[in-house]
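K.L.:
Could you have a look at this structure, given as structure tokens, before my questions?
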Amino acid sequence: MPIIVNLDVMLARRKMTLSALAEAVGITLANLSILKSGKAKAVRFSTLAAICQALDCQPGDLLEHSPNPADLRPGADGE
């Protein structure tokens with residue numbers, strides 16, 4: 001997956017636990033864990049905005065694009 005989620009980095013910088021963030025944002029710990037592990041297929045902008053507000057950061061602090069050349073092949077996404 002070419003998108004890397006750096007949620008653990010921001011949590012460490014803010015000295016906040018995943019549980020505290022889940023409570024502050026109002027989403028389940030399980031859903032936040034899926035996002036943190038990079039297994040999420042999507043994230044709502046409202047959720048991203050709430051996380052950014054709770055961590056006092058920008059979306060670019062949480063998400064990183066690291067393209068894999070295999071992902072950039074024509075038709076690699078099933079089209």
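Chain labels A, B, ... are given in the sequence in which chains occur in the structure tokens; within each chain residues are numbered consecutively from 1, and ligands are likewise numbered from 1 in the order shown.
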Taking the chain letters and numbering used in this document, name the residues of stretch 5-79 of chain A that DSSP puts in helix (DSSP H, G or I), as a PyMOL selection string.
P.N.:
chain A and resi 7-14+18-25+29-37+45-55+59-62+69-72
K.L.:
Do you know which residues are at most 7 Å from stretch 24-28 of chain A counting only C-alpha atoms, after dropping those on the same chain fewer than 3 positions away, and could you put them as a PyMOL selection string?
P.N.:
chain A and resi 20-21+31-32+50-51+54
K.L.:
Using the selection just defined, write its residues with C-alpha atoms as a PDB file, in the first residue's frame.
P.N.:
ATOM      1  CA  ALA A  20      -7.015   8.514  25.056  1.00  0.00           C
ATOM      2  CA  LEU A  21      -7.131   9.490  21.376  1.00  0.00           C
ATOM      3  CA  ASN A  31     -11.263   1.290  14.445  1.00  0.00           C
ATOM      4  CA  LEU A  32      -8.382   3.492  15.532  1.00  0.00           C
ATOM      5  CA  ALA A  50     -10.963  15.112  14.561  1.00  0.00           C
ATOM      6  CA  ILE A  51      -7.679  13.208  14.911  1.00  0.00           C
ATOM      7  CA  ALA A  54      -6.885  16.102  19.064  1.00  0.00           C
TER       8      ALA A  54
END
K.L.:
Quick check for you: according to DSSP on this backbone, which residues of chain A are classed as strand (DSSP E or B)? Reply as an MDAnalysis selection string.
P.N.:
chainID A and resid 3:5 63:65
K.L.:
Could you please take those selected residues and save C-alpha atoms as a PDB file, in the first residue's frame?
P.N.:
ATOM      1  CA  ILE A   3      -0.040   5.227   1.900  1.00  0.00           C
ATOM      2  CA  ILE A   4       1.771   4.979   5.236  1.00  0.00           C
ATOM      3  CA  VAL A   5      -0.052   5.986   8.420  1.00  0.00           C
ATOM      4  CA  LEU A  63      -0.272  10.261   6.191  1.00  0.00           C
ATOM      5  CA  GLU A  64       2.689   9.688   3.905  1.00  0.00           C
ATOM      6  CA  HIS A  65       2.754   8.652   0.264  1.00  0.00           C
TER       7      HIS A  65
END
K.L.:
Excluding A:Asp56 and its own-chain neighbours fewer than 3 positions away, which residues fall within 12 Å of it when counting only C-alpha atoms? Please give them as a PyMOL selection string.
P.N.:
chain A and resi 10-11+13-14+16+21+48-53+59-62
K.L.:
Please provide as a count of residues only all residues within 10 Å of A:Ser33, with the sequence filter that same-chain residues fewer than 3 positions apart are discarded (counting only C-alpha atoms).
P.N.:
13
K.L.:
When distances are computed from only C-alpha atoms, which of A:Pro2, A:Lys15, A:Lys41, A:Ile34 shows the smallest separation from A:Asn68?
P.N.:
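Closest to A:Asn68 of all the choices is A:Pro2.
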